[in-house]
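Source file: work31.txt. Holds: compact mmCIF, C-alpha atoms.
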```txt
# COMPACT_ATOMS: atom_id res chain seq x y z
CA MET A 1 107.56 86.09 101.65
CA TYR A 2 107.41 82.37 100.89
CA ASP A 3 104.48 80.14 100.08
CA LEU A 4 104.01 78.52 103.48
CA GLY A 5 103.26 75.03 102.21
CA TYR A 6 106.32 75.06 99.95
CA PHE A 7 108.52 76.42 102.73
CA ARG A 8 107.29 73.81 105.22
CA ASN A 9 107.75 70.91 102.77
CA HIS A 10 111.21 71.99 101.54
CA LEU A 11 112.62 73.37 104.78
CA ASP A 12 115.94 71.52 104.68
CA ALA A 13 116.67 72.43 101.05
CA ILE A 14 115.72 76.07 101.59
CA THR A 15 117.83 76.26 104.74
CA ALA A 16 120.85 74.90 102.87
CA ARG A 17 120.45 77.36 99.99
CA LEU A 18 119.93 80.37 102.26
CA ALA A 19 123.18 79.51 104.04
CA ASP A 20 124.91 80.77 100.86
CA ARG A 21 123.61 84.31 101.46
CA PRO A 22 124.70 83.75 104.31
CA PHE A 23 121.54 83.45 106.43
CA SER A 24 120.71 80.93 109.13
CA VAL A 25 117.07 79.87 109.38
CA ASP A 26 116.03 79.21 112.98
CA VAL A 27 114.45 75.86 112.11
CA ASP A 28 113.49 75.04 115.71
CA ALA A 29 111.74 78.41 116.15
CA PHE A 30 109.89 77.95 112.86
CA ARG A 31 108.69 74.44 113.69
CA LYS A 32 107.67 75.41 117.24
CA LEU A 33 105.75 78.50 116.18
CA ASP A 34 104.22 76.76 113.17
CA GLY A 35 103.06 73.89 115.39
CA GLU A 36 101.58 76.17 118.04
CA ARG A 37 99.78 78.24 115.43
CA ARG A 38 98.31 75.23 113.65
CA ALA A 39 97.27 73.67 116.99
CA ALA A 40 95.48 76.84 118.11
CA VAL A 41 93.61 77.12 114.80
CA SER A 42 92.72 73.41 114.84
CA GLU A 43 91.46 73.52 118.43
CA ALA A 44 89.40 76.65 117.74
CA GLU A 45 87.83 75.03 114.68
CA ALA A 46 86.97 71.91 116.69
CA LEU A 47 85.32 73.99 119.42
CA LYS A 48 83.38 75.97 116.82
CA ALA A 49 82.06 72.70 115.38
CA GLN A 50 81.13 71.56 118.87
CA LYS A 51 79.35 74.87 119.54
CA ASN A 52 77.38 74.56 116.30
CA ALA A 53 76.29 71.04 117.29
CA GLU A 54 75.30 72.20 120.78
CA SER A 55 73.36 75.15 119.34
CA ALA A 56 71.49 72.85 116.96
CA GLU A 57 70.63 70.54 119.88
CA ILE A 58 69.33 73.50 121.92
CA GLY A 59 67.00 74.36 119.07
CA LYS A 60 65.59 70.86 119.00
CA LEU A 61 65.12 70.76 122.79
CA LYS A 62 63.36 74.14 122.80
CA ARG A 63 60.95 72.97 120.13
CA ALA A 64 60.26 69.92 122.26
CA GLY A 65 59.58 72.15 125.29
CA GLN A 66 62.59 70.88 127.28
CA ASP A 67 64.90 72.81 129.58
CA THR A 68 68.12 74.04 127.84
CA ALA A 69 69.73 76.12 130.60
CA ASP A 70 72.68 73.76 131.11
CA LYS A 71 73.39 73.51 127.41
CA GLN A 72 73.14 77.28 126.94
CA GLN A 73 75.66 77.73 129.74
CA ARG A 74 77.93 75.26 127.94
CA VAL A 75 77.63 77.27 124.71
CA ARG A 76 78.59 80.46 126.59
CA GLU A 77 81.63 78.67 127.99
CA LEU A 78 82.55 77.48 124.49
CA ASP A 79 82.26 81.06 123.22
CA GLU A 80 84.75 82.20 125.85
CA LEU A 81 87.18 79.40 124.98
CA ILE A 82 86.85 80.09 121.27
CA ALA A 83 87.48 83.82 121.78
CA LYS A 84 90.64 83.06 123.76
CA LEU A 85 91.87 80.61 121.11
CA ASP A 86 91.08 83.08 118.32
CA ASP A 87 93.09 85.76 120.15
CA ARG A 88 95.91 83.27 120.66
CA ALA A 89 95.84 82.26 116.99
CA SER A 90 95.83 85.92 115.92
CA ALA A 91 98.84 86.71 118.12
CA LEU A 92 100.66 83.66 116.79
CA ASP A 93 99.78 84.70 113.22
CA THR A 94 101.42 88.08 113.80
CA GLU A 95 104.48 86.47 115.37
CA PHE A 96 104.64 83.92 112.56
CA ARG A 97 104.31 86.61 109.88
CA ASP A 98 107.16 88.57 111.47
CA LEU A 99 109.31 85.43 111.50
CA MET A 100 108.58 84.60 107.86
CA SER A 101 108.96 88.19 106.65
CA GLY A 102 112.50 88.27 108.05
CA ILE A 103 113.66 85.31 105.94
CA PRO A 104 115.45 86.41 102.73
CA ASN A 105 114.35 85.36 99.28
CA LEU A 106 115.82 82.18 97.85
CA PRO A 107 118.66 82.99 95.41
CA HIS A 108 118.04 81.83 91.85
CA GLU A 109 120.15 78.86 90.80
CA SER A 110 122.11 81.06 88.36
CA VAL A 111 123.34 83.40 91.14
CA PRO A 112 127.02 82.79 91.90
CA VAL A 113 127.88 81.76 95.44
CA GLY A 114 130.17 84.24 97.18
CA LYS A 115 130.83 86.20 100.33
CA SER A 116 131.28 89.80 99.17
CA ALA A 117 131.38 92.19 96.20
CA ALA A 118 134.75 90.67 95.30
CA ASP A 119 132.87 87.53 94.24
CA ASN A 120 130.44 89.31 91.89
CA LEU A 121 130.65 88.20 88.27
CA GLU A 122 131.12 90.73 85.47
CA VAL A 123 128.84 89.85 82.54
CA ARG A 124 129.12 92.91 80.29
CA ARG A 125 131.39 95.89 79.69
CA TRP A 126 130.64 98.78 77.36
CA GLY A 127 133.11 101.50 76.44
CA ALA A 128 136.57 102.07 77.85
CA PRO A 129 137.34 104.28 80.86
CA THR A 130 137.59 107.89 79.68
CA GLU A 131 141.17 109.09 79.16
CA PHE A 132 142.32 112.66 79.68
CA LYS A 133 145.45 114.63 78.86
CA PHE A 134 145.06 116.36 82.21
CA GLU A 135 144.29 115.27 85.76
CA PRO A 136 140.47 114.83 85.90
CA LYS A 137 138.64 116.38 88.82
CA PRO A 138 135.87 114.85 90.91
CA HIS A 139 132.39 116.36 90.60
CA TRP A 140 132.54 117.84 94.10
CA ASP A 141 135.25 120.20 92.80
CA LEU A 142 133.90 120.70 89.28
CA GLY A 143 130.34 121.48 90.37
CA PRO A 144 131.14 124.33 92.78
CA ASP A 145 133.80 125.72 90.40
CA LEU A 146 131.16 125.92 87.64
CA GLY A 147 128.57 127.35 90.00
CA ILE A 148 126.17 124.44 89.35
CA LEU A 149 126.42 122.70 92.76
CA ASP A 150 126.16 124.33 96.17
CA PHE A 151 126.82 122.15 99.21
CA GLU A 152 127.25 124.95 101.75
CA ARG A 153 123.86 126.57 101.17
CA ALA A 154 122.17 123.15 101.16
CA ALA A 155 123.73 122.44 104.56
CA LYS A 156 122.41 125.79 105.79
CA ILE A 157 118.90 125.01 104.54
CA THR A 158 118.78 121.41 105.73
CA GLY A 159 122.01 119.71 106.75
CA ALA A 160 124.71 117.32 105.58
CA ARG A 161 124.17 115.08 102.55
CA PHE A 162 121.90 117.52 100.75
CA VAL A 163 122.76 119.66 97.73
CA VAL A 164 121.39 122.60 95.75
CA TYR A 165 121.65 122.39 91.96
CA MET A 166 122.07 125.81 90.38
CA GLY A 167 121.62 127.19 86.86
CA LEU A 168 122.64 124.70 84.18
CA GLY A 169 123.23 122.15 86.93
CA ALA A 170 119.52 122.22 87.76
CA LYS A 171 118.66 122.16 84.07
CA LEU A 172 120.92 119.14 83.52
CA GLU A 173 119.09 117.24 86.29
CA ARG A 174 115.71 118.10 84.72
CA ALA A 175 116.99 117.25 81.24
CA LEU A 176 118.11 113.81 82.40
CA ILE A 177 114.72 113.07 83.98
CA ASN A 178 112.85 114.05 80.81
CA PHE A 179 115.32 112.22 78.57
CA MET A 180 115.06 108.99 80.56
CA LEU A 181 111.26 109.10 80.69
CA ASP A 182 111.04 109.86 76.97
CA VAL A 183 113.30 106.95 76.00
CA HIS A 184 111.57 104.45 78.30
CA THR A 185 108.03 105.45 77.29
CA LYS A 186 108.51 106.16 73.59
CA GLU A 187 111.04 103.45 72.73
CA HIS A 188 111.14 100.83 75.48
CA GLY A 189 107.38 100.46 75.90
CA TYR A 190 106.86 101.57 79.51
CA THR A 191 103.84 103.50 80.76
CA GLU A 192 104.70 106.56 82.82
CA VAL A 193 103.34 106.83 86.37
CA LEU A 194 103.55 109.75 88.78
CA PRO A 195 102.80 108.23 92.20
CA PRO A 196 102.53 109.84 95.66
CA PHE A 197 105.86 110.53 97.30
CA ALA A 198 104.43 109.76 100.78
CA ILE A 199 103.50 106.12 101.35
CA ASN A 200 101.99 104.08 104.16
CA SER A 201 103.53 101.27 106.18
CA ALA A 202 101.48 98.58 104.41
CA SER A 203 103.09 99.55 101.09
CA LEU A 204 106.57 99.37 102.61
CA TYR A 205 105.84 95.99 104.15
CA CYS A 206 104.73 94.60 100.79
CA THR A 207 108.01 95.53 99.06
CA GLY A 208 110.10 94.24 101.96
CA ASN A 209 111.28 97.61 103.30
CA LEU A 210 109.44 97.03 106.58
CA PRO A 211 110.07 95.87 109.16
CA LYS A 212 113.72 95.09 108.38
CA PHE A 213 114.85 98.45 106.95
CA GLU A 214 112.85 100.94 109.01
CA ALA A 215 116.04 102.65 110.19
CA ASP A 216 116.75 103.68 106.58
CA LEU A 217 113.39 105.47 106.20
CA PHE A 218 112.13 108.96 106.97
CA LYS A 219 108.76 108.85 108.75
CA LEU A 220 106.34 111.78 108.86
CA GLN A 221 105.73 112.51 112.53
CA GLY A 222 102.28 111.69 113.86
CA THR A 223 101.20 109.75 110.76
CA ASP A 224 101.51 106.31 109.18
CA TYR A 225 103.25 107.94 106.21
CA TYR A 226 106.88 107.62 105.15
CA LEU A 227 108.79 109.46 102.43
CA ALA A 228 109.36 107.10 99.51
CA PRO A 229 112.88 105.59 99.48
CA THR A 230 112.33 104.66 95.82
CA ALA A 231 109.48 104.64 93.30
CA GLU A 232 109.61 100.84 93.47
CA VAL A 233 107.43 101.03 96.59
CA PRO A 234 104.41 103.05 95.40
CA VAL A 235 104.50 101.64 91.86
CA THR A 236 104.65 97.99 92.99
CA ASN A 237 101.75 98.67 95.35
CA LEU A 238 99.54 100.00 92.56
CA TYR A 239 98.18 96.46 92.17
CA ARG A 240 98.23 95.35 95.81
CA ASP A 241 95.32 93.00 96.64
CA GLU A 242 94.34 92.78 92.97
CA VAL A 243 93.94 89.96 90.44
CA LEU A 244 95.36 91.01 87.07
CA ASP A 245 94.54 89.70 83.63
CA LEU A 246 97.28 87.16 82.89
CA ASP A 247 97.15 88.02 79.19
CA SER A 248 97.99 91.68 79.99
CA LEU A 249 101.41 90.71 81.37
CA PRO A 250 104.07 91.93 81.33
CA ILE A 251 102.93 95.29 82.68
CA LYS A 252 105.81 97.76 82.27
CA LEU A 253 105.76 101.00 84.28
CA CYS A 254 108.28 103.78 84.81
CA ALA A 255 108.18 106.62 87.30
CA TYR A 256 110.19 109.66 88.29
CA THR A 257 110.27 110.41 92.01
CA PRO A 258 112.54 112.07 94.50
CA CYS A 259 113.86 109.42 96.90
CA PHE A 260 114.54 109.85 100.60
CA ARG A 261 116.90 107.65 102.62
CA SER A 262 118.54 108.09 105.98
CA GLU A 263 121.50 105.96 104.84
CA ALA A 264 121.64 104.56 108.36
CA GLY A 265 124.09 101.82 107.43
CA SER A 266 126.42 103.87 105.25
CA TYR A 267 128.20 106.21 107.65
CA GLY A 268 131.72 106.90 106.45
CA ARG A 269 130.98 105.78 102.87
CA ASP A 270 130.77 108.20 99.94
CA VAL A 271 130.63 111.20 102.24
CA ARG A 272 131.86 113.62 99.57
CA GLY A 273 129.82 114.87 96.67
CA ILE A 274 126.39 113.62 95.62
CA ILE A 275 126.98 109.87 95.38
CA ARG A 276 125.08 109.09 98.59
CA GLN A 277 122.51 111.72 99.51
CA HIS A 278 119.50 111.78 101.83
CA GLN A 279 117.42 113.12 98.91
CA PHE A 280 118.02 112.27 95.27
CA GLN A 281 116.06 111.85 92.05
CA LYS A 282 115.53 108.59 90.23
CA VAL A 283 113.64 107.16 87.27
CA GLU A 284 112.49 103.68 88.20
CA LEU A 285 111.44 100.76 85.99
CA VAL A 286 108.90 98.26 87.40
CA LYS A 287 107.50 95.13 85.78
CA PHE A 288 104.78 92.61 86.63
CA SER A 289 105.52 89.40 84.75
CA LYS A 290 104.34 85.86 84.18
CA PRO A 291 106.56 83.60 86.31
CA GLU A 292 107.88 81.63 83.34
CA GLU A 293 108.92 84.83 81.54
CA SER A 294 110.40 86.83 84.43
CA TYR A 295 114.08 86.11 83.80
CA ALA A 296 113.77 87.07 80.14
CA GLU A 297 112.05 90.25 81.35
CA LEU A 298 114.91 90.88 83.80
CA ASP A 299 117.40 90.75 80.93
CA LYS A 300 115.25 93.21 78.93
CA LEU A 301 114.87 95.58 81.89
CA THR A 302 118.63 95.55 82.45
CA ALA A 303 119.20 96.25 78.75
CA ASP A 304 116.77 99.20 78.92
CA ALA A 305 118.77 100.73 81.78
CA GLN A 306 122.07 100.09 79.99
CA ASP A 307 120.69 101.77 76.86
CA ILE A 308 120.44 105.11 78.68
CA LEU A 309 124.16 105.01 79.50
CA GLU A 310 125.08 104.04 75.95
CA ARG A 311 123.04 106.91 74.46
CA LEU A 312 124.87 109.26 76.83
CA GLY A 313 128.25 107.78 75.91
CA LEU A 314 129.08 106.78 79.48
CA PRO A 315 131.35 103.74 79.98
CA TYR A 316 129.90 101.07 82.26
CA ARG A 317 130.09 97.47 83.30
CA THR A 318 127.35 95.09 84.48
CA VAL A 319 127.86 92.49 87.20
CA VAL A 320 125.61 89.80 88.61
CA LEU A 321 125.67 89.97 92.39
CA CYS A 322 126.79 86.91 94.32
CA THR A 323 124.76 85.41 97.16
CA GLY A 324 126.76 87.27 99.82
CA ASP A 325 126.39 90.72 98.22
CA MET A 326 122.75 90.51 97.14
CA GLY A 327 119.91 92.25 98.97
CA VAL A 328 117.52 90.16 101.06
CA ASN A 329 114.47 90.62 98.78
CA PRO A 330 115.68 89.79 95.22
CA ALA A 331 116.19 86.31 93.81
CA LYS A 332 118.74 87.74 91.35
CA THR A 333 120.29 91.18 90.82
CA TYR A 334 122.38 92.80 88.12
CA ASP A 335 124.28 95.95 89.15
CA ILE A 336 125.17 98.40 86.41
CA GLU A 337 128.27 100.40 87.36
CA VAL A 338 129.25 103.61 85.55
CA TRP A 339 132.84 104.77 85.19
CA LEU A 340 133.73 107.83 87.29
CA PRO A 341 137.14 109.23 86.25
CA GLY A 342 137.22 111.73 89.13
CA GLN A 343 137.32 108.76 91.50
CA ASN A 344 139.02 106.31 89.15
CA GLU A 345 136.45 103.58 89.73
CA TYR A 346 133.16 102.10 88.60
CA LYS A 347 130.18 103.01 90.78
CA GLU A 348 126.73 101.41 90.92
CA ILE A 349 124.12 103.47 89.07
CA SER A 350 121.33 100.89 88.77
CA SER A 351 120.33 97.63 90.46
CA CYS A 352 118.01 95.51 88.32
CA SER A 353 116.31 92.73 90.25
CA ASN A 354 113.83 89.88 89.90
CA PHE A 355 111.92 89.25 93.13
CA GLU A 356 109.99 86.32 91.66
CA GLY A 357 106.88 85.92 93.87
CA TYR A 358 108.50 87.24 97.07
CA GLN A 359 106.90 90.70 96.94
CA ALA A 360 103.72 89.56 95.18
CA ARG A 361 102.86 87.16 98.00
CA ARG A 362 103.33 89.90 100.60
CA ALA A 363 101.21 92.27 98.49
CA SER A 364 98.70 89.66 97.24
CA ILE A 365 99.23 90.52 93.57
CA ARG A 366 97.94 87.69 91.42
CA ALA A 367 96.93 87.08 87.81
CA LYS A 368 94.61 84.68 86.03
CA SER A 369 93.23 83.97 82.59
CA GLY A 370 89.60 82.96 82.14
CA LYS A 371 88.55 80.40 84.73
CA SER A 372 92.09 79.34 85.60
CA LYS A 373 93.33 79.58 89.18
CA ALA A 374 94.89 82.92 90.10
CA GLU A 375 98.64 82.71 90.77
CA HIS A 376 101.13 85.21 92.14
CA VAL A 377 102.94 87.26 89.52
CA HIS A 378 106.67 87.95 89.51
CA THR A 379 107.77 91.53 90.22
CA LEU A 380 110.92 93.18 88.87
CA ASN A 381 112.46 96.62 89.12
CA GLY A 382 115.57 98.61 88.42
CA SER A 383 116.76 102.18 88.20
CA GLY A 384 116.57 103.60 84.75
CA LEU A 385 118.61 105.48 86.04
CA ALA A 386 119.63 107.13 89.32
CA VAL A 387 119.58 110.73 88.08
CA GLY A 388 122.13 112.27 90.42
CA ARG A 389 124.73 109.61 89.71
CA THR A 390 124.12 110.01 85.96
CA TRP A 391 124.55 113.77 86.42
CA LEU A 392 127.90 113.39 88.15
CA ALA A 393 129.04 110.75 85.63
CA ILE A 394 128.40 113.23 82.82
CA VAL A 395 130.21 116.06 84.61
CA GLU A 396 133.25 113.88 85.34
CA ASN A 397 133.44 112.06 81.99
CA TYR A 398 132.77 115.14 79.81
CA GLN A 399 134.96 117.62 81.69
CA GLN A 400 137.43 119.69 79.68
CA ALA A 401 140.86 121.04 80.56
CA ASP A 402 139.45 124.56 81.05
CA GLY A 403 136.94 123.27 83.64
CA SER A 404 133.93 123.34 81.32
CA VAL A 405 131.72 120.32 80.65
CA VAL A 406 130.53 119.21 77.22
CA VAL A 407 126.84 118.27 77.11
CA PRO A 408 126.27 114.79 75.59
CA GLU A 409 124.65 115.03 72.18
CA ALA A 410 121.55 113.13 73.33
CA LEU A 411 120.79 115.89 75.87
CA ARG A 412 121.47 119.01 73.81
CA SER A 413 117.89 119.47 72.64
CA TYR A 414 116.79 119.28 76.29
CA MET A 415 119.52 121.62 77.53
CA GLY A 416 119.53 124.21 74.75
CA THR A 417 123.32 124.32 74.86
CA ASP A 418 126.24 122.05 74.07
CA ILE A 419 128.56 123.12 76.87
CA ILE A 420 128.42 124.11 80.53
CA ARG A 421 130.80 126.90 81.45
CA GLY A 422 131.47 128.60 84.74
CA VAL A 423 129.52 131.72 85.65
CA LYS A 424 131.74 134.81 85.29
```
Entire entry expressed as structure tokens:
Amino acid sequence: MYDLGYFRNHLDAITARLADRPFSVDVDAFRKLDGERRAAVSEAEALKAQKNAESAEIGKLKRAGQDTADKQQRVRELDELIAKLDDRASALDTEFRDLMSGIPNLPHESVPVGKSAADNLEVRRWGAPTEFKFEPKPHWDLGPDLGILDFERAAKITGARFVVYMGLGAKLERALINFMLDVHTKEHGYTEVLPPFAINSASLYCTGNLPKFEADLFKLQGTDYYLAPTAEVPVTNLYRDEVLDLDSLPIKLCAYTPCFRSEAGSYGRDVRGIIRQHQFQKVELVKFSKPEESYAELDKLTADAQDILERLGLPYRTVVLCTGDMGVNPAKTYDIEVWLPGQNEYKEISSCSNFEGYQARRASIRAKSGKSKAEHVHTLNGSGLAVGRTWLAIVENYQQADGSVVVPEALRSYMGTDIIRGVK
């Protein structure tokens, strides 16, 4: 969400920059609706002032013993007009909010202009793609062969795009969650949060998931609750409608949650394995920052996510998304992509984004110091990491010729073993 005054005063410049996303602002619709809304509010305020003057005059006339019937009738008529204008202004406010909430965030000046993922810019590469003396298998073959993934029973229990982790496969998932949380809290300075997994529509609106992405959500029937698509939503909303102490920023939080997504726009993509599931686990990093420090904090957050992959010995690359490949809510996004030898490609495992004040204005999250004016904070988040994709990256990169999987050294104390072998 934009600051309305800024948006109104820089409409042409904003429109030109958003065209790089690409997104076309309906300037005529904005100006028409903005004008009608302001006119309704202005007229209502004028009538309220007139009513107050009439009411004061009635008081004087009554004290003087004069008849006020005509003037009282006029006040009643003004009340009716004011009520109609207030209803009109309220309806226009809702329509105007819907219009503004559908306009993407302004890309930061450092974001490269482009049309698709082909125009993303690689900014870092760590490690070389893993080489094997045998033909590496994808995780959807390795997992069932080892008895640590079961797709068929998951489909029986629920349906497609769900999985059951078994034995050391389940333990590896739990080990990764604990490892990530330990590193982020003990070494990277984040405070752990365990939020609700069911969230209301107001929370989803504030992070930009509603109304635009409702089709990607699972709603609990008969309630205003949705299953969390990511911990970003409940954690960002911790401070909704609050004024924070400016000197306490940055606030750095991390949270493990299961995540639930219908993947409405991804049919036909990543249909095999656990790359794109309806339910998956994730450790999320969320920051609330001073505006002038938010891009330095974005670099640190991205480095914290990369550090997990480096400790696990997993090759990756980091790209900055171009305007045409970036989500509608961030001002800038880095995607971290891990190497998957079973598929012979890099795959996104974390998106680290700076939303600047876009979410904070929707959620009314501000900060101030002393008697200074409260200003909207900048919000940031990124996966630290997507657990399932880290799991499959380990299985594919550490597979052995006999079908076993070596456990990365950083996880051995969590796993209690250094190798995963098939169940005999």
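Of the listed residues A:Ala83, A:Val283, A:Ala89, A:Val235, the one whose atoms come nearest to Asp34 in chain A is A:Ala89, with distances taken using all atoms listed in the file.
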Residue list as a tab-separated table (two decimals) with C-alpha atoms, keeping the file's coordinate frame for point (128.3, 117.1, 77.3), cut-off 10 Å, all atoms listed in the file:
```
chain	number	residue	atom	x	y	z
A	172	LEU	CA	120.92	119.14	83.52
A	312	LEU	CA	124.87	109.26	76.83
A	313	GLY	CA	128.25	107.78	75.91
A	394	ILE	CA	128.40	113.23	82.82
A	395	VAL	CA	130.21	116.06	84.61
A	396	GLU	CA	133.25	113.88	85.34
A	397	ASN	CA	133.44	112.06	81.99
A	398	TYR	CA	132.77	115.14	79.81
A	399	GLN	CA	134.96	117.62	81.69
A	400	GLN	CA	137.43	119.69	79.68
A	404	SER	CA	133.93	123.34	81.32
A	405	VAL	CA	131.72	120.32	80.65
A	406	VAL	CA	130.53	119.21	77.22
A	407	VAL	CA	126.84	118.27	77.11
A	408	PRO	CA	126.27	114.79	75.59
A	409	GLU	CA	124.65	115.03	72.18
A	410	ALA	CA	121.55	113.13	73.33
A	411	LEU	CA	120.79	115.89	75.87
A	412	ARG	CA	121.47	119.01	73.81
A	415	MET	CA	119.52	121.62	77.53
A	417	THR	CA	123.32	124.32	74.86
A	418	ASP	CA	126.24	122.05	74.07
A	419	ILE	CA	128.56	123.12	76.87
A	420	ILE	CA	128.42	124.11	80.53
```
Report as lines of an AutoDock Vina configuration file the centre and the edge lengths, in Å to one decimal, of the axis-aligned box holding every listed atom of range 142-161 of chain A, padded by 5 Å on each side.
```
center_x = 126.3
center_y = 121.2
center_z = 97.2
size_x = 25.1
size_y = 22.3
size_z = 29.1
```
Next item on the list: For a cut-off of 12 Å around (102.5, 85.0, 82.6), file coordinates, pick out all residues using all atoms listed in the file and list them as a ChimeraX atom specification.
Entry: /A:244-251,287-297,356,366-369,374-379
Checklist line | Length of the CA of Thr302 in chain A to CA of Val320 in chain A vector [Å] | finding: 10.9 Å
Note to self: When you count only C-alpha atoms, which of these residues is closest to Gly327 in chain A: A:Phe96, A:Phe260, A:Phe355, A:Phe7?
What the structure shows: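 With only C-alpha atoms as the atom set, the closest residue is A:Phe355.
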Missing atoms in range 303-319 of chain A: can you complete it with N, CA and C atoms, as a PDB file, in the coordinates of the input?
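For reference, part_9.pdb as written:
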```pdb
ATOM      1  N   ALA A 303     118.777  95.664  80.031  1.00  0.00           N
ATOM      2  CA  ALA A 303     119.200  96.250  78.750  1.00  0.00           C
ATOM      3  C   ALA A 303     118.619  97.651  78.569  1.00  0.00           C
ATOM      4  N   ASP A 304     117.390  97.875  79.029  1.00  0.00           N
ATOM      5  CA  ASP A 304     116.770  99.200  78.920  1.00  0.00           C
ATOM      6  C   ASP A 304     117.543 100.223  79.751  1.00  0.00           C
ATOM      7  N   ALA A 305     117.978  99.831  80.933  1.00  0.00           N
ATOM      8  CA  ALA A 305     118.770 100.730  81.780  1.00  0.00           C
ATOM      9  C   ALA A 305     120.139 100.992  81.157  1.00  0.00           C
ATOM     10  N   GLN A 306     120.768  99.943  80.632  1.00  0.00           N
ATOM     11  CA  GLN A 306     122.070 100.090  79.990  1.00  0.00           C
ATOM     12  C   GLN A 306     121.983 101.025  78.773  1.00  0.00           C
ATOM     13  N   ASP A 307     120.860 100.964  78.075  1.00  0.00           N
ATOM     14  CA  ASP A 307     120.690 101.770  76.860  1.00  0.00           C
ATOM     15  C   ASP A 307     120.802 103.257  77.153  1.00  0.00           C
ATOM     16  N   ILE A 308     120.327 103.688  78.312  1.00  0.00           N
ATOM     17  CA  ILE A 308     120.440 105.110  78.680  1.00  0.00           C
ATOM     18  C   ILE A 308     121.907 105.518  78.751  1.00  0.00           C
ATOM     19  N   LEU A 309     122.728 104.693  79.385  1.00  0.00           N
ATOM     20  CA  LEU A 309     124.160 105.010  79.500  1.00  0.00           C
ATOM     21  C   LEU A 309     124.831 105.017  78.136  1.00  0.00           C
ATOM     22  N   GLU A 310     124.464 104.094  77.276  1.00  0.00           N
ATOM     23  CA  GLU A 310     125.080 104.040  75.950  1.00  0.00           C
ATOM     24  C   GLU A 310     124.702 105.267  75.126  1.00  0.00           C
ATOM     25  N   ARG A 311     123.459 105.701  75.196  1.00  0.00           N
ATOM     26  CA  ARG A 311     123.040 106.910  74.460  1.00  0.00           C
ATOM     27  C   ARG A 311     123.769 108.142  74.972  1.00  0.00           C
ATOM     28  N   LEU A 312     124.140 108.130  76.251  1.00  0.00           N
ATOM     29  CA  LEU A 312     124.870 109.260  76.830  1.00  0.00           C
ATOM     30  C   LEU A 312     126.375 109.124  76.677  1.00  0.00           C
ATOM     31  N   GLY A 313     126.824 107.981  76.121  1.00  0.00           N
ATOM     32  CA  GLY A 313     128.250 107.780  75.910  1.00  0.00           C
ATOM     33  C   GLY A 313     129.034 107.586  77.188  1.00  0.00           C
ATOM     34  N   LEU A 314     128.420 106.981  78.191  1.00  0.00           N
ATOM     35  CA  LEU A 314     129.080 106.780  79.480  1.00  0.00           C
ATOM     36  C   LEU A 314     129.542 105.337  79.628  1.00  0.00           C
ATOM     37  N   PRO A 315     130.838 105.101  79.820  1.00  0.00           N
ATOM     38  CA  PRO A 315     131.350 103.740  79.980  1.00  0.00           C
ATOM     39  C   PRO A 315     130.758 103.070  81.224  1.00  0.00           C
ATOM     40  N   TYR A 316     130.460 101.781  81.105  1.00  0.00           N
ATOM     41  CA  TYR A 316     129.900 101.070  82.260  1.00  0.00           C
ATOM     42  C   TYR A 316     130.266  99.599  82.182  1.00  0.00           C
ATOM     43  N   ARG A 317     130.011  98.917  83.278  1.00  0.00           N
ATOM     44  CA  ARG A 317     130.090  97.470  83.300  1.00  0.00           C
ATOM     45  C   ARG A 317     128.882  96.951  84.088  1.00  0.00           C
ATOM     46  N   THR A 318     128.481  95.711  83.799  1.00  0.00           N
ATOM     47  CA  THR A 318     127.350  95.090  84.480  1.00  0.00           C
ATOM     48  C   THR A 318     127.837  93.823  85.163  1.00  0.00           C
ATOM     49  N   VAL A 319     127.464  93.673  86.440  1.00  0.00           N
ATOM     50  CA  VAL A 319     127.860  92.490  87.200  1.00  0.00           C
ATOM     51  C   VAL A 319     126.616  91.822  87.765  1.00  0.00           C
TER      52      VAL A 319
END
```
